[in-house]
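See structure below.
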Amino acid sequence: MLSIWLMNRFYRGIVHDSRIYIGRALADLDPQGLGREPTFLYDHQTQNSIFPHLITPLVRAFGPSATSMGVALAALLIWLAAAAWLASRMMPRRLVPAALICAALLPAFYGPFDIFSFGEALATPRGFAEAGVLAGLAALLGGRRILCGGLLLLAALFHPVMAAPGFGVAFLILATEDRRWWGLAPLGLIGLIAAGALHLGPAKALFSVYDPEWLRVLHVRDHFLFLADWPSAAWYDAALALTTVALAAMVLKGRRRVVAVAALIGAAASLAASFVFGDLLGSMLIVQLQLWRALWIVQVLAVLLIPTVAVEFWATGRRDARLAMVLMGLSWLDLNGTLGVLPALAAALGCSVVALSGGVDRVSAKGLAAVSIAAVAFVFAAMGVSAYTGVALIQSFAPLHTAPPFHFLLALNLHRFPILAIALAPLLFPMRIHQNVRAIGLALSALVLVPLTVLTWDQRTPTRRMIDRGQGRAELNALIGPKSGTGVVWIPDEVAPWFLLSRATWVSDLQGTLGAFSRPLIMGWDLKANDLVASGLDRIRNRAPWAQTPVARARGVAQSRDNALRLCAVKGGPQAIVLAGDLAKRFATGVAATWRAPVTDVMLAPGSLVPEVMPFNAYTIVRCDRISSPAVQQTLTSIS
């Protein structure tokens, strides 16, 4: 089970939001270096978590690379243990393994743009907060209220936004059993309004709204914050999870049903409040709280309860219930997240309501057989498409004479279909398997999966390892010169200066990520992003197409040199620009230098149907502070 879990949660290095927290630790250890990074100078997010205070000593002792990997692994193990505890409270023990397999294999994303997911292999506080909430709900189901409260408070110390839905679900459970709990609701609301009116703590932003310019930039960069900006696929994913939990609530009993219903009510209320007070009224606090994140609990419960729904519906013997189960499975296998399966989802909900309400069985045996055959055909078609994509992916890496990272192959989802079938088949079609045969089968599976997991869990590329470990820091810093507050632009990897140089970046996507908490941060990002895009040198997400890097440009390195000079000429521009490839000879003497990296990096040329892989192992460091203004102006005039 642990191998299946980890093989679907590969470690890919200090990426995504782990860059924020590991970077925060490095900034605290080097105030005159990375401490000048705007992301941390205007940081109002990590201050609300105990997590940075815990990992900073680890970064000091073991370095960012080892700390990130160790913390990510710890988060995954704790998360799986908490999920197993909750599953054992929500369903018979014989269903727990299948539930955990579903949690490992089925889509974990919630919210828009496939950005956030539960159980991430990242060094962030979200995983620990999620585990605390799951364990707290498991404790509450076992009647241990004090332990539940303690676990939820611990989760809030790590990530209050992720813990908030857990408090909501726990409150609804307790209020259902004892009406006196409802008295806390108006008191809490009055306290929040009073704190907002008195400008106390985080609540001071309750009655503050974003000014039009700030709001405009947020909609460009952080549009995941606003429900009105979500794509239709995000609502399909939300509808699938909500419907699955609703079906589970129909068959669950007692407190288990209350947990499912409370999660649904909490998610619906959070989405409504987020839209009304965030999208429409523009409350700064509501936007910052990201109330829509309550969907993460619904997503977890949905995947955990799929085996329960399948068994209960199949056990009825009614054809409409079994049809609902087949349609639900078909909806979950719509791995592309399109709207094409919404009719199947609606039909599943309708059939389940008819079946569980004791209505007439309206589905013929031939109809059920036809739908089942179609579902099987869809699975085989999906496997065929994934296999074709895999062949194309391997061919695209052929010029490098190396195999693609293992997680790319597993991301094709080929392994999910047989494992899910093996997990669910014994539940739907009970079979007597001799104990010795089962033990031998498990032993053989362990002999294959455990070593494979140990050998492949770390899926970092050589370049990613180099950056995480800060290789070449002294040599690179010598080429760039004394540290300054203007920062560096590293084209191939925007936050590489953090780990390779312990320096600030001039502009990066992450400066915009935290823009909901700081107006100076995101407005500064907006100005610099416009300058970077105008120079033609590179892209910033939601500003321009993907990387127009020197290696990937069809029009040659001369234009890349000219673009770099344009950016150097910007008022308040970067101290240095790092380009991919050996372009130093294209610049005046003393302006640029070449750094030979210990590993080979690759880039994909944009605009082609089959990506063209381009390797390089040299970086050009352009010293903007060594370019005189007259020389820049003369060059730019000649370029024009």
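Identifiers in the structure tokens: chain A, B, ... in order shown; residue index from 1 per chain; ligand index from 1 in order shown.
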Do you know which residues are at most 7 Å from region 324-330 of chain A counting only C-alpha atoms, after dropping those on the same chain fewer than 5 positions away, and could you put them as a PyMOL selection string?
chain A and resi 310+313+344-345+348-349+351-352+372+375
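Within 8 Å of region 483-499 of chain A there are Gly23, Gly33, Leu34, Arg36, Glu37, Ile467, Asp468, Arg469, Gly470, Thr505, Trp506, Val507, Ser508, Asp509, Asp538, Thr549, Gly572, Gly573, Pro574, Gln575, Ala576, Ile577, Val578, Leu579 and Ala580 of chain A, counting only C-alpha atoms and ignoring same-chain residues fewer than 6 positions away.
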Restrict the selected residues to C-alpha atoms and save them as a compact mmCIF listing (two decimals), in the first residue's frame.
# COMPACT_ATOMS: atom_id res chain seq x y z
CA GLY A 23 13.22 29.84 0.29
CA GLY A 33 21.42 37.80 0.38
CA LEU A 34 18.15 36.01 -0.30
CA ARG A 36 16.40 40.94 -0.01
CA GLU A 37 14.01 38.96 -2.21
CA ILE A 467 19.84 23.60 -8.19
CA ASP A 468 18.44 22.09 -4.99
CA ARG A 469 21.95 21.38 -3.68
CA GLY A 470 23.31 24.78 -4.72
CA THR A 505 15.36 37.49 -8.19
CA TRP A 506 14.57 40.66 -10.08
CA VAL A 507 11.17 39.26 -11.06
CA SER A 508 9.54 35.82 -10.78
CA ASP A 509 6.13 34.22 -10.88
CA ASP A 538 11.28 35.55 -21.73
CA THR A 549 14.88 31.13 -24.67
CA GLY A 572 15.95 49.79 -12.04
CA GLY A 573 16.76 46.70 -14.09
CA PRO A 574 18.45 43.53 -12.87
CA GLN A 575 22.06 43.27 -11.78
CA ALA A 576 22.58 40.27 -14.06
CA ILE A 577 20.76 38.09 -16.56
CA VAL A 578 21.47 34.38 -16.97
CA LEU A 579 20.76 32.88 -20.41
CA ALA A 580 20.81 29.29 -21.57
Which residue, A:Ala474, A:Tyr210, A:Arg596, A:Leu80, has the smallest gap to Phe517 (chain A) when you use only C-alpha atoms?
A:Tyr210
Nearby residues (only C-alpha atoms) at most 9 Å from Thr243 (chain A), same-chain spacing under 3 positions excluded, as a list in words
Ala238, Ala239, Leu240, Ala246, Leu247, Ala248, Ala302, Leu345, Ala346 and Leu349 of chain A
Taking C-alpha atoms for each residue, export the selection above as a PDB file, in the first residue's frame.
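This went into again-v8.pdb:
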ATOM      1  CA  ALA A 238     -16.131  19.699  -8.121  1.00  0.00           C
ATOM      2  CA  ALA A 239     -19.460  18.268  -9.281  1.00  0.00           C
ATOM      3  CA  LEU A 240     -17.957  14.781  -9.516  1.00  0.00           C
ATOM      4  CA  ALA A 246     -23.774  12.688  -1.839  1.00  0.00           C
ATOM      5  CA  LEU A 247     -24.198   9.103  -3.077  1.00  0.00           C
ATOM      6  CA  ALA A 248     -22.114   7.865  -0.155  1.00  0.00           C
ATOM      7  CA  ALA A 302     -15.062  11.084  -2.444  1.00  0.00           C
ATOM      8  CA  LEU A 345     -22.817  11.887 -13.807  1.00  0.00           C
ATOM      9  CA  ALA A 346     -26.354  13.263 -13.815  1.00  0.00           C
ATOM     10  CA  LEU A 349     -27.316  10.512  -9.516  1.00  0.00           C
TER      11      LEU A 349
END
Residues at most 7 Å from Leu134 (chain A), counting only C-alpha atoms, excluding those fewer than 3 positions away in the same chain, as number ranges by chain?
A: 82-83, 86, 130-131, 137-138
Keeping only C-alpha atoms, write those residues as a PDB file, in the first residue's frame.
ATOM      1  CA  ALA A  82      -4.287   9.704   8.974  1.00  0.00           C
ATOM      2  CA  ALA A  83      -6.290   8.686   5.883  1.00  0.00           C
ATOM      3  CA  LEU A  86     -10.304   7.951   8.989  1.00  0.00           C
ATOM      4  CA  GLU A 130      -4.577  17.915   5.952  1.00  0.00           C
ATOM      5  CA  ALA A 131      -3.318  14.963   7.999  1.00  0.00           C
ATOM      6  CA  LEU A 137     -12.286  13.676  12.209  1.00  0.00           C
ATOM      7  CA  ALA A 138     -11.280  10.054  12.828  1.00  0.00           C
TER       8      ALA A 138
END
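What separates CA of Arg318 (chain A) from CA of Ala374 (chain A) is a distance of 19.5 Å.
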Given only C-alpha atoms as the basis, pick out the residue of A:Leu271, A:Ala382, A:Ala72, A:Leu157 nearest to Asp17 (chain A).
A:Ala72
Among the residues of region 189-389 of chain A, find those DSSP assigns to helix (DSSP H, G or I) from the backbone and print them as an MDAnalysis selection string.
chainID A and resid 189:197 201:205 212:221 223:225 227:229 232:251 254:280 284:289 291:315 319:332 342:356 365:389
